[in-house]
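*Asks:* Dropping the structure in here first, questions after.
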Amino acid sequence: MQDQVTCVGYTCPVCKRRVAVLRSSAPPKRGPFQYFESECECGFALRIPLDQIQQLDTWKETGRPL
């Protein structure tokens with residue numbers, strides 16, 4: 001049975017891929033945080049302020065490694 005991972009992130013405006021900013025299976029990072037940095041495979045980078053995390057998309061992935 002494969003694990004389900006919950007992801008929080010956004011769709012890249014350049015290439016339309018999903019970019020996971022947070023994953024339920026990833027170990028917690030040390031804080032405190034003021035923003036999260038993310039980068040798509042195409043090179044598009046985004047800095048997301050902590051207070052905007054709840055505005056991101058949520059989806060589930062099955063069996064995808066970190």
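Numbering starts fresh at 1 for the residues of each chain in the structure tokens, the chains themselves are lettered A, B, ... in the order given, and ligands are numbered from 1 as they appear.
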With DSSP run on the backbone, what are the strand (DSSP E or B) residues within stretch 26-66 of chain A? I'd like them as a PyMOL selection string.

*Replies:* chain A and resi 35-39+45-49+57-62

*Asks:* Near stretch 15-17 of chain A, counting only C-alpha atoms, which residues have an atom at most 10 Å away, once you skip same-chain residues fewer than 5 positions from it, shown as number ranges by chain?

*Replies:* A: 10, 40-44

*Asks:* Determine the nearest neighbour of A:Asp3 from the options A:Leu50, A:Ser24, A:Glu39, A:Leu56, counting only C-alpha atoms.

*Replies:*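 Counting only C-alpha atoms, the residue closest to A:Asp3 is A:Ser24.
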
*Asks:* May I have the residues within 9 Å of A:Phe33 as a list in words, using only C-alpha atoms and disregarding those fewer than 2 positions away in the same chain?

*Replies:*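 Counting only the stated atoms, we get Arg30, Gly31, Tyr35, Phe36, Pro49 and Leu50 of chain A.
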
*Asks:* Take the residues from that selection and put them in a file with C-alpha atoms, as a compact mmCIF listing (two decimals), in the first residue's frame.

*Replies:*
```
# COMPACT_ATOMS: atom_id res chain seq x y z
CA ARG A 30 13.59 24.81 12.03
CA GLY A 31 11.88 28.17 12.45
CA TYR A 35 8.41 33.39 4.51
CA PHE A 36 8.83 30.15 2.55
CA PRO A 49 5.03 35.21 3.30
CA LEU A 50 3.97 33.09 6.26
```

*Asks:* Would you mind telling me which residue in A:Pro27, A:Pro13, A:Pro32, A:Lys60 lies nearest to A:Leu46 when using only C-alpha atoms?

*Replies:*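 Checking each candidate against A:Leu46, we get A:Pro13 as the closest.
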